[in-house]
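Engineer: Enclosed is the structure file work17.txt (compact mmCIF, C-alpha atoms).
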# COMPACT_ATOMS: atom_id res chain seq x y z
CA MET A 160 -19.11 -11.87 -9.89
CA PRO A 161 -18.09 -15.56 -10.29
CA THR A 162 -20.43 -17.88 -8.40
CA ASP A 163 -17.51 -19.71 -6.80
CA CYS A 164 -15.79 -16.61 -5.41
CA THR A 165 -15.57 -16.21 -1.64
CA GLU A 166 -18.16 -13.44 -1.35
CA ALA A 167 -20.68 -15.38 -3.43
CA LEU A 168 -20.12 -18.55 -1.38
CA LEU A 169 -20.59 -16.69 1.90
CA GLY A 170 -23.42 -14.42 0.79
CA THR A 171 -21.38 -11.32 1.58
CA ALA A 172 -21.31 -9.84 -1.93
CA GLY A 173 -22.51 -6.26 -2.25
CA THR A 174 -21.03 -5.14 1.04
CA VAL A 175 -18.10 -2.93 1.97
CA PHE A 176 -15.54 -4.67 4.20
CA PHE A 177 -13.65 -3.08 7.09
CA TYR A 178 -11.26 -4.35 9.72
CA THR A 179 -11.70 -3.00 13.22
CA ALA A 180 -7.90 -2.93 13.33
CA PRO A 181 -4.91 -1.69 11.36
CA PHE A 182 -4.77 -2.80 7.72
CA ARG A 183 -4.47 -6.58 7.53
CA TYR A 184 -5.37 -7.57 4.00
CA PRO A 185 -2.20 -8.19 1.99
CA HIS A 186 -1.89 -6.85 -1.57
CA THR A 187 -3.03 -3.46 -0.27
CA GLY A 188 -1.02 -0.40 -1.20
CA CYS A 189 -3.20 2.49 -0.05
CA GLY A 190 -5.50 2.61 2.95
CA LEU A 191 -8.35 4.53 4.52
CA LEU A 192 -8.86 4.66 8.27
CA PHE A 193 -12.36 5.55 9.43
CA ALA A 194 -13.47 6.74 12.85
CA HIS A 195 -15.71 4.46 14.92
CA THR A 196 -18.57 6.90 14.27
CA LEU A 197 -18.97 5.24 10.88
CA GLU A 198 -20.35 2.16 12.63
CA ARG A 199 -22.89 4.17 14.61
CA PHE A 200 -23.99 5.92 11.44
CA HIS A 201 -24.58 2.61 9.62
CA GLY A 202 -25.45 0.63 12.75
CA GLU A 203 -28.74 -0.99 11.82
CA ALA A 204 -27.63 -2.11 8.39
CA GLY A 205 -24.15 -3.33 9.30
CA VAL A 206 -22.96 -6.64 10.69
CA ALA A 207 -19.69 -7.75 12.31
CA THR A 208 -17.84 -11.00 12.94
CA PRO A 209 -14.93 -11.62 15.32
CA PHE A 210 -12.82 -12.89 12.39
CA ASP A 211 -12.23 -12.18 8.70
CA SER A 212 -15.09 -13.86 6.82
CA GLY A 213 -12.96 -14.59 3.74
CA GLY A 214 -10.56 -16.64 5.84
CA LEU A 215 -13.34 -19.20 6.46
CA VAL A 216 -13.06 -20.25 2.84
CA LYS A 217 -9.37 -19.64 2.31
CA CYS A 218 -7.21 -20.35 5.31
CA PHE A 219 -8.93 -20.98 8.67
CA THR A 220 -9.94 -24.41 9.94
CA ARG A 221 -13.41 -24.53 11.45
CA PRO A 222 -14.03 -26.66 14.57
CA ASP A 223 -16.54 -28.74 12.61
CA PRO A 224 -15.31 -28.91 9.01
CA ALA A 225 -18.64 -30.42 7.99
CA GLU A 226 -20.48 -27.22 8.83
CA PRO A 227 -20.69 -25.02 5.70
CA PRO A 228 -18.72 -21.75 5.98
CA LYS A 229 -21.86 -19.72 5.31
CA GLU A 230 -23.64 -21.27 8.32
CA PHE A 231 -20.60 -20.84 10.55
CA LEU A 232 -20.44 -17.21 9.50
CA ALA A 233 -24.15 -16.63 10.21
CA ARG A 234 -23.82 -18.17 13.69
CA HIS A 235 -21.10 -15.70 14.60
CA GLU A 236 -22.53 -12.46 13.28
CA LEU A 237 -22.78 -9.63 15.77
CA PRO A 238 -24.64 -6.34 15.59
CA VAL A 239 -22.84 -3.10 14.79
CA PRO A 240 -21.56 -1.25 16.78
CA ASP A 241 -22.29 -3.57 19.74
CA HIS A 242 -19.62 -6.05 18.58
CA ARG A 243 -17.18 -3.57 20.12
CA ARG A 244 -18.24 -4.71 23.59
CA TYR A 245 -17.13 -8.25 22.70
CA LEU A 246 -13.96 -6.85 21.12
CA ALA A 247 -13.12 -4.86 24.25
CA LEU A 248 -13.60 -7.95 26.42
CA ALA A 249 -11.52 -10.08 24.05
CA MET A 250 -8.70 -7.53 23.99
CA ARG A 251 -8.53 -7.63 27.77
CA ALA A 252 -9.13 -11.36 28.34
CA LEU A 253 -7.42 -13.11 25.43
CA PHE A 254 -4.31 -10.97 24.92
CA HIS A 255 -1.43 -10.31 27.30
CA ARG A 256 -2.11 -6.59 26.80
CA PRO A 257 -5.05 -5.01 24.93
CA GLU A 258 -2.53 -3.27 22.65
CA ASP A 259 -1.40 -6.67 21.39
CA TYR A 260 -4.59 -6.90 19.33
CA ILE A 261 -3.66 -3.65 17.57
CA GLU A 262 -0.07 -4.74 17.11
CA GLY A 263 -1.06 -8.03 15.48
CA MET A 264 0.28 -10.27 18.24
CA GLU A 265 -1.30 -13.69 18.63
CA PRO A 266 -3.70 -13.96 21.61
CA HIS A 267 -2.37 -16.14 24.41
CA LEU A 268 -5.81 -17.72 24.88
CA PRO A 269 -7.71 -19.17 21.92
CA GLY A 270 -11.12 -17.68 22.76
CA PRO A 271 -14.54 -19.23 22.20
CA ILE A 272 -14.75 -19.17 18.39
CA GLY A 273 -12.72 -22.33 17.78
CA LEU A 274 -10.99 -21.35 14.55
CA THR A 275 -7.40 -22.42 13.93
CA GLY A 276 -4.84 -21.72 11.20
CA GLY A 277 -4.34 -18.62 9.09
CA ASP A 278 -2.92 -15.40 10.40
CA GLN A 279 -3.99 -12.33 12.43
CA ARG A 280 -7.19 -12.13 10.43
CA ARG A 281 -8.39 -15.16 12.45
CA TRP A 282 -9.06 -12.91 15.46
CA THR A 283 -9.49 -9.53 13.75
CA HIS A 284 -13.01 -8.13 13.84
CA GLU A 285 -14.58 -7.53 10.45
CA VAL A 286 -17.42 -5.08 9.85
CA ARG A 287 -19.54 -5.29 6.71
CA LEU A 288 -21.71 -2.39 5.62
CA PRO A 289 -24.16 -2.73 2.75
CA ASP A 290 -23.91 -1.04 -0.64
CA GLN A 291 -21.64 1.98 -0.53
CA VAL A 292 -19.79 4.06 2.01
CA VAL A 293 -18.99 7.69 1.36
CA VAL A 294 -15.23 8.12 1.46
CA ARG A 295 -15.11 11.92 1.31
CA GLY A 296 -17.15 12.36 4.46
CA HIS A 297 -16.66 13.30 8.07
CA HIS A 298 -16.12 9.71 9.26
CA LEU A 299 -12.79 9.54 7.43
CA GLN A 300 -9.97 9.76 9.95
CA ALA A 301 -6.85 9.31 7.81
CA ALA A 302 -5.66 8.31 4.35
CA PHE A 303 -2.41 6.45 3.63
CA ALA A 304 -0.59 6.10 0.30
CA PRO A 305 2.97 5.55 -0.95
CA ARG A 306 4.56 8.87 -1.88
CA ALA A 307 5.13 7.71 -5.46
CA ARG A 308 1.40 7.02 -5.86
CA VAL A 309 0.47 10.49 -4.61
CA ILE A 310 2.72 12.05 -7.24
CA GLY A 311 2.04 9.63 -10.06
CA ASN A 312 -1.68 8.98 -9.72
CA PRO A 313 -3.88 12.05 -10.34
CA ALA A 314 -6.83 10.49 -8.47
CA ILE A 315 -4.75 9.88 -5.33
CA LYS A 316 -3.13 13.30 -5.61
CA GLY A 317 -6.56 14.91 -5.90
CA PHE A 318 -7.82 12.93 -2.93
CA PHE A 319 -4.84 13.95 -0.78
CA LYS A 320 -5.44 17.57 -1.75
CA TRP A 321 -9.04 17.19 -0.60
CA CYS A 322 -7.81 15.68 2.70
CA GLU A 323 -5.41 18.59 3.13
CA ALA A 324 -8.20 21.12 2.51
CA GLU A 325 -10.59 19.33 4.89
CA GLY A 326 -8.02 18.91 7.65
CA ILE A 327 -8.10 15.11 7.42
CA ASP A 328 -4.87 13.35 8.24
CA HIS A 329 -3.07 12.12 5.13
CA ILE A 330 0.09 10.12 5.42
CA SER A 331 2.46 9.38 2.56
CA PHE A 332 5.43 7.08 2.90
CA ASP A 333 8.43 5.59 1.11
CA THR A 334 8.38 1.90 0.26
CA PRO A 335 12.02 0.92 0.45
CA GLY A 336 11.29 -2.66 1.49
CA ARG A 337 9.66 -3.66 -1.81
CA SER A 338 6.24 -4.16 -0.31
CA ASP A 339 3.70 -1.35 -0.28
CA PHE A 340 1.63 -3.36 2.19
CA GLU A 341 4.48 -3.72 4.68
CA ALA A 342 5.07 0.04 4.63
CA LEU A 343 1.33 0.73 4.82
CA GLN A 344 0.99 -1.50 7.88
CA ARG A 345 3.97 0.14 9.55
CA GLU A 346 2.67 3.66 8.94
CA CYS A 347 -0.85 2.80 10.07
CA LEU A 348 0.44 1.21 13.27
CA ALA A 349 2.62 4.23 13.98
CA TYR A 350 -0.38 6.51 13.45
CA ILE A 351 -2.66 4.47 15.72
CA ARG A 352 0.01 4.26 18.43
CA GLN A 353 0.31 8.03 18.29
CA GLN A 354 -3.47 8.41 18.65
CA LEU A 355 -4.07 5.78 21.33
CA TYR A 356 -1.01 5.10 23.45
CA MET B 94 4.74 -11.09 16.28
CA PHE B 95 2.83 -13.88 14.50
CA MET B 96 5.56 -16.11 13.03
CA ARG B 97 5.40 -18.55 10.18
CA PRO B 98 8.07 -20.96 8.92
CA SER B 99 10.96 -19.90 6.74
CA TRP B 100 11.89 -21.24 3.33
CA ASN B 101 15.14 -21.47 1.36
CA ILE B 102 15.09 -19.27 -1.70
CA ALA B 103 17.02 -21.93 -3.64
CA ASP B 104 13.88 -24.11 -3.45
CA LEU B 105 11.72 -21.44 -5.06
CA GLU B 106 11.03 -19.93 -8.46
CA VAL B 107 9.50 -16.57 -9.36
CA VAL B 108 6.11 -16.84 -11.07
CA GLY B 109 4.88 -13.25 -10.83
CA TYR B 110 4.54 -10.30 -8.49
CA ALA B 111 2.06 -9.20 -5.87
CA ASN B 112 0.60 -6.17 -7.57
CA VAL B 113 -1.04 -5.02 -10.79
CA PHE B 114 0.56 -1.87 -12.13
CA GLY B 115 -0.84 0.86 -14.33
CA GLU B 116 1.33 2.96 -16.61
CA THR B 117 1.62 5.77 -14.08
CA MET B 118 3.10 3.42 -11.47
CA LEU B 119 6.16 2.39 -13.49
CA PRO B 120 9.04 1.76 -13.30
CA THR B 121 8.93 0.17 -9.89
CA VAL B 122 10.26 -2.61 -7.74
CA ALA B 123 7.77 -5.45 -7.33
CA PRO B 124 7.54 -8.06 -4.57
CA PRO B 125 7.86 -11.50 -6.23
CA VAL B 126 5.31 -14.29 -5.95
CA PHE B 127 7.31 -17.47 -5.37
CA ARG B 128 6.40 -21.06 -6.21
CA PHE B 129 8.04 -24.22 -4.93
CA LYS B 130 10.24 -25.88 -7.55
CA ALA B 131 9.37 -29.30 -6.13
CA ASP B 132 5.63 -28.66 -5.83
CA ALA B 133 4.09 -26.41 -8.45
CA THR B 134 0.74 -26.43 -6.62
CA ARG B 135 2.09 -24.33 -3.72
CA ALA B 136 3.17 -20.70 -3.77
CA LEU B 137 4.37 -18.02 -1.35
CA LEU B 138 2.94 -14.53 -1.21
CA PRO B 139 4.06 -11.32 0.45
CA PRO B 140 4.14 -9.75 2.91
CA TYR B 141 7.35 -11.58 3.80
CA HIS B 142 10.87 -10.79 4.89
CA LEU B 143 13.82 -11.71 2.70
CA ASN B 144 17.07 -12.19 4.52
CA GLY B 145 19.84 -13.49 2.29
CA ALA B 146 18.76 -16.94 1.12
CA ALA B 147 15.75 -17.21 3.44
CA VAL B 148 12.13 -16.13 3.05
CA TYR B 149 10.37 -15.50 6.37
CA ASN B 150 6.72 -15.00 7.31
CA ALA B 151 5.32 -15.54 3.82
CA THR B 152 1.76 -16.70 3.25
CA ALA B 153 1.59 -20.14 1.59
CA VAL B 154 -1.28 -20.51 -0.88
CA SER B 155 -2.49 -23.03 -3.44
CA GLN B 156 -2.40 -22.65 -7.22
CA ALA B 157 -6.18 -22.16 -7.14
CA GLU B 158 -5.80 -19.22 -4.74
CA LEU B 159 -3.15 -17.72 -7.01
CA GLU B 160 -5.55 -17.89 -9.92
CA GLU B 161 -8.30 -16.32 -7.80
CA LEU B 162 -5.99 -13.46 -6.83
CA ARG B 163 -5.02 -12.94 -10.46
CA ALA B 164 -8.70 -12.86 -11.46
CA ALA B 165 -9.30 -10.28 -8.72
CA ARG B 166 -6.41 -8.22 -10.18
CA GLU B 167 -4.45 -8.40 -6.94
CA ILE B 168 -1.39 -10.15 -8.39
CA THR B 169 0.27 -10.56 -11.79
CA LEU B 170 1.43 -13.98 -12.95
CA PHE B 171 4.02 -14.47 -15.70
CA ASP B 172 3.53 -16.93 -18.54
CA ASP B 173 6.76 -18.61 -17.48
CA SER B 174 8.90 -18.86 -14.35
CA PHE B 175 12.56 -18.49 -13.40
CA ALA B 176 14.77 -19.45 -10.46
CA ALA B 177 14.60 -17.22 -7.40
CA GLN B 178 17.96 -15.92 -6.19
CA ALA B 179 19.23 -14.45 -2.95
CA ASN B 180 19.73 -10.67 -2.88
CA TYR B 181 18.01 -10.13 -6.22
CA GLU B 182 15.37 -7.51 -6.98
CA LEU B 183 12.41 -7.85 -9.33
CA TRP B 184 11.42 -4.62 -11.06
CA ILE B 185 9.10 -3.71 -13.88
CA ASP B 186 10.02 -1.10 -16.48
CA GLN B 187 7.77 1.37 -18.28
CA SER B 188 7.15 -1.15 -21.06
CA PHE B 189 5.86 -3.61 -18.44
CA GLN B 190 8.98 -5.72 -19.04
CA ARG B 191 10.34 -7.52 -16.00
CA HIS B 192 13.93 -7.39 -14.77
CA TYR B 193 15.46 -9.65 -12.13
CA GLN B 194 18.87 -8.39 -11.10
CA PRO B 195 21.23 -8.29 -8.13
CA LEU B 196 20.01 -5.64 -5.68
CA ASP B 197 22.80 -3.15 -6.34
CA GLU B 198 22.42 -3.42 -10.12
CA ALA B 199 18.66 -2.94 -9.91
CA GLU B 200 19.09 0.06 -7.62
CA SER B 201 21.63 1.61 -10.00
CA GLU B 202 19.42 1.04 -13.01
CA LEU B 203 16.37 2.57 -11.31
CA GLY B 204 18.53 5.43 -10.09
CA ARG B 205 19.63 6.14 -13.67
CA ILE B 206 16.02 6.09 -14.85
CA ALA B 207 15.06 8.54 -12.10
CA GLU B 208 17.98 10.83 -12.95
CA ARG B 209 17.10 10.84 -16.65
CA ALA B 210 13.38 11.45 -15.95
CA ILE B 211 14.21 14.38 -13.64
CA HIS B 212 16.44 15.90 -16.30
CA GLU B 213 13.70 15.49 -18.92
CA ALA B 214 11.06 16.87 -16.56
CA GLU B 215 13.23 19.93 -15.90
CA GLU B 216 13.65 20.39 -19.64
CA ALA B 217 9.89 20.04 -20.21
CA LEU B 218 9.28 22.61 -17.48
CA ARG B 219 11.73 25.03 -19.11
CA GLN B 220 9.84 24.61 -22.37
CA GLY B 221 6.52 25.23 -20.64
CA ASN B 222 5.29 21.70 -21.26
CA LEU B 223 3.74 21.21 -17.83
CA ALA B 224 1.89 17.99 -18.68
CA ASP B 225 5.09 16.25 -19.75
CA ALA B 226 6.97 17.68 -16.76
CA GLU B 227 4.32 16.26 -14.42
CA ARG B 228 4.31 12.86 -16.12
CA LEU B 229 8.12 12.64 -16.07
CA SER B 230 8.31 13.62 -12.42
CA GLY B 231 5.92 10.73 -11.77
CA VAL B 232 8.31 8.38 -13.59
CA ALA B 233 11.22 9.71 -11.53
CA ILE B 234 9.57 9.19 -8.19
CA SER B 235 8.31 5.76 -9.17
CA ALA B 236 11.88 4.77 -9.97
CA ASN B 237 13.31 6.32 -6.81
CA ASP B 238 10.90 7.63 -4.19
CA ARG B 239 13.72 9.22 -2.17
CA ARG B 240 14.34 11.94 -4.75
CA VAL B 241 12.95 15.34 -3.82
CA GLU B 242 13.16 17.03 -7.23
CA PRO B 243 9.97 15.40 -8.57
CA LEU B 244 8.10 16.85 -5.60
CA ALA B 245 9.54 20.30 -6.28
CA ILE B 246 8.70 20.07 -9.98
CA ASN B 247 5.14 19.10 -9.05
CA ALA B 248 4.96 21.98 -6.59
CA ALA B 249 6.20 24.38 -9.27
CA ILE B 250 3.58 23.09 -11.71
CA SER B 251 0.91 23.56 -9.04
CA ARG B 252 2.07 27.12 -8.41
CA LEU B 253 2.13 27.91 -12.13
CA ASN B 254 -1.41 26.57 -12.37
CA GLY B 255 -2.54 28.64 -9.38
CA ASP B 256 -3.15 25.46 -7.36
CA ALA B 257 -2.11 26.48 -3.84
CA ALA B 258 -3.41 23.26 -2.26
CA GLY B 259 -1.30 21.20 -4.64
CA GLU B 260 1.80 23.20 -3.80
CA ARG B 261 1.16 22.81 -0.05
CA LEU B 262 0.69 19.08 -0.48
CA MET B 263 4.03 18.71 -2.28
CA ALA B 264 5.78 20.72 0.44
CA GLU B 265 4.25 18.38 3.00
CA LEU B 266 5.42 15.31 1.09
CA ALA B 267 8.94 16.72 0.91
CA ALA B 268 9.10 17.75 4.56
CA SER B 269 10.79 14.55 5.74
CA ALA B 270 13.58 14.89 3.18
CA LEU B 271 14.27 18.60 2.82
CA GLU B 272 13.94 21.65 5.04
CA ALA B 273 10.86 23.72 4.08
CA ARG B 274 12.95 26.80 3.30
CA LEU B 275 15.20 24.86 0.93
CA PHE B 276 12.25 23.18 -0.71
CA LYS B 277 10.64 26.56 -1.35
CA MET B 278 13.89 27.85 -2.87
CA LEU B 279 13.96 24.86 -5.17
CA VAL B 280 10.35 25.43 -6.23
CA ASP B 281 11.13 29.12 -6.80
CA GLU B 282 13.99 28.13 -9.10
CA TYR B 283 11.84 25.74 -11.07
CA CYS B 284 9.12 28.39 -11.43
CA LYS B 285 11.66 30.92 -12.65
CA ALA B 286 12.83 28.40 -15.24
CA ALA B 287 9.34 28.01 -16.68
CA PRO B 288 8.56 30.40 -19.58
CA ARG B 289 5.21 31.46 -18.11
CA ARG B 290 7.07 33.10 -15.27
CA LYS B 291 9.89 34.73 -17.26
CA PRO B 292 9.04 34.51 -20.95
CA ALA B 293 11.66 37.08 -21.99
CA ALA B 294 14.58 35.49 -20.22
CA PRO B 295 14.69 31.69 -20.49
CA ALA B 296 16.63 30.06 -17.68
CA SER B 297 20.16 28.89 -18.25
CA ASP B 298 20.73 25.20 -18.95
CA SER B 299 23.85 25.31 -16.85
CA GLY B 300 22.59 22.83 -14.33
CA SER B 301 19.85 21.52 -12.09
CA PRO B 302 18.37 23.84 -9.47
CA MET B 303 19.26 21.08 -7.00
CA ARG B 304 22.92 22.13 -7.24
CA GLN B 305 24.19 23.46 -3.93
CA MET B 306 21.11 22.17 -2.12
CA ALA B 307 21.87 20.26 1.07
CA CYS B 308 19.68 17.20 1.58
CA MET B 309 18.67 16.37 5.13
CA ALA B 310 18.56 12.78 6.37
CA ALA B 311 15.00 11.44 6.37
Mind turning the file's structure into structure tokens?
Structural biologist:
Amino acid sequence: MPTDCTEALLGTAGTVFFYTAPFRYPHTGCGLLFAHTLERFHGEAGVATPFDSGGLVKCFTRPDPAEPPKEFLARHELPVPDHRRYLALAMRALFHRPEDYIEGMEPHLPGPIGLTGGDQRRWTHEVRLPDQVVVRGHHLQAAFAPRARVIGNPAIKGFFKWCEAEGIDHISFDTPGRSDFEALQRECLAYIRQQLY
Amino acid sequence: MFMRPSWNIADLEVVGYANVFGETMLPTVAPPVFRFKADATRALLPPYHLNGAAVYNATAVSQAELEELRAAREITLFDDSFAAQANYELWIDQSFQRHYQPLDEAESELGRIAERAIHEAEEALRQGNLADAERLSGVAISANDRRVEPLAINAAISRLNGDAAGERLMAELAASALEARLFKMLVDEYCKAAPRRKPAAPASDSGSPMRQMACMAA
């Protein structure tokens, strides 16, 4: 890993990254949605922040630009799964409706973190779990992939067959609007809406 | 929704696309990475919305970030660049060659590739060459993911291989486009056409099993 890459600068290399939200990292074509039980399972080893850590280096402006991103990150780390208590409060207090957090709407109050700039990832909770996370396990809630990838990629096809056999939701979709990510986001939001509200 | 500024496509050039494709993912449409003609140090990345001559909600990044994304194999950058145009589509063919054409031309070209690949996959299936039939159906659906025949060919291959889960998965994938009963009929026809099912009586070449099939709106 290059020493100047974001994960190396922040000391987050060697971890698996999750959003406690629908998919928000662009350049993503396929997605996995895990149940919250994953956090309980990995609780002691995991850590969360109320923003995307990578954005500290790439696109957010910190309240004190002189403070190194790594220190800012360390100051805002929260235990897993207890960060969800903060998230629940933030969804109620900072957004017009709690669902707005899910939908990617900007909060109407800035909150206590003090970051500016960037996009939804500025207020999206990130969970980092060390080493490896088992994908084909009982924490997996749903898998998403463009239909063409399911047909054309034997690994994805095999994975979807496993999901089908295990009774795990697996959603395939067309990508008429050029962008796999746009379609992925839309399908994930539709799925979450169906599950939650 | 979180809104960002819009940009005029006439001020932009195409320098790459926001994906890295493997052979099994081609041909396919690709979302362009744009760069400002007047400032080569700034670029625009998807997701964005293109509406005529305007680009909305793109993410503006620096040249250094572009290079980082290329190194992380998240985007592909060309060795050169060319002017962005309204209502044009960027697509990559099976030789990894890029094409930048008016939308309707690109759609027609990809449609022709899908049609040809389906025909060749059907022929491969009739000859019992299941590996080629599967590969060609992948080409067809990459070129046009609204076609249902590649799903049916895949389902037939699964059935011929005794892979019931694979056949069920294909039926699921086709459910939004074709009634289950019609999909099963189509798979039955493809299976009959394959020599493993009826070695003594090869199927007629008189036409695609899709003939006379009604397609439901998605």
Engineer: Looking at A:Asp211, A:Glu230, A:Glu346, A:Asp163, which one is nearest to chain B, with distances taken over all atoms listed in the file?
Structural biologist: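 Closest to chain B, using all atoms listed in the file: A:Asp163.
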Engineer: Measuring between only C-alpha atoms, which one of A:Arg295, A:His201, A:Arg306, A:Arg345 shows the shortest distance to chain B?
Structural biologist: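 So, comparing all the options, the nearest one is A:Arg306.
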Engineer: Could you list, as JSON, numbers by chain, the residues of chain B having an atom within 8 Å of chain A when counting all atoms listed in the file?
Structural biologist: {"B": [94, 95, 111, 112, 117, 118, 122, 123, 124, 139, 140, 158, 161, 167, 168, 228, 230, 231, 232, 234, 235, 238, 239, 244, 247, 258, 259, 262, 266]}
Engineer: Using all atoms listed in the file, pick whichever of B:Ser99, B:Gln194, B:Asn254, B:Asn180 has the shortest atom-to-atom distance to Glu227 in chain B.
Structural biologist: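 Checking each of B:Ser99, B:Gln194, B:Asn254, B:Asn180 against Glu227 in chain B, counting all atoms listed in the file, the winner is B:Asn254.
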Engineer: Out of A:Val239, A:Ala247, A:Ile272, A:Leu343, which residue has the shortest atom-to-atom distance to Ala302 in chain A when counting only C-alpha atoms?
Structural biologist: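 Distance minimum relative to Ala302 in chain A lands on A:Leu343.
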Engineer: Tell me which of B:Val280, B:Ala233, B:Ala179, B:Val241 sits closest to Glu260 in chain B, counting all atoms listed in the file.
Structural biologist: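 That would be B:Val280, the residue with the smallest distance to Glu260 in chain B.
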Engineer: For each of B:Glu242, B:Glu216, B:Asp256, B:Asp225, take the minimum atom-to-atom distance to Ala287 in chain B, counting only C-alpha atoms, then give the residue where this is smallest.
Structural biologist: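 Nearest to Ala287 in chain B: B:Glu216.
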Engineer: In Å, with one decimal, what is the gap from CA of Ala257 in chain B to CA of Arg219 in chain B?
Structural biologist: 20.7 Å
Engineer: Counting all atoms listed in the file, what is within 8 Å of Trp184 in chain B, bar same-chain residues fewer than 3 positions away, as a PyMOL selection string?
Structural biologist: chain B and resi 120-123+191-193+199
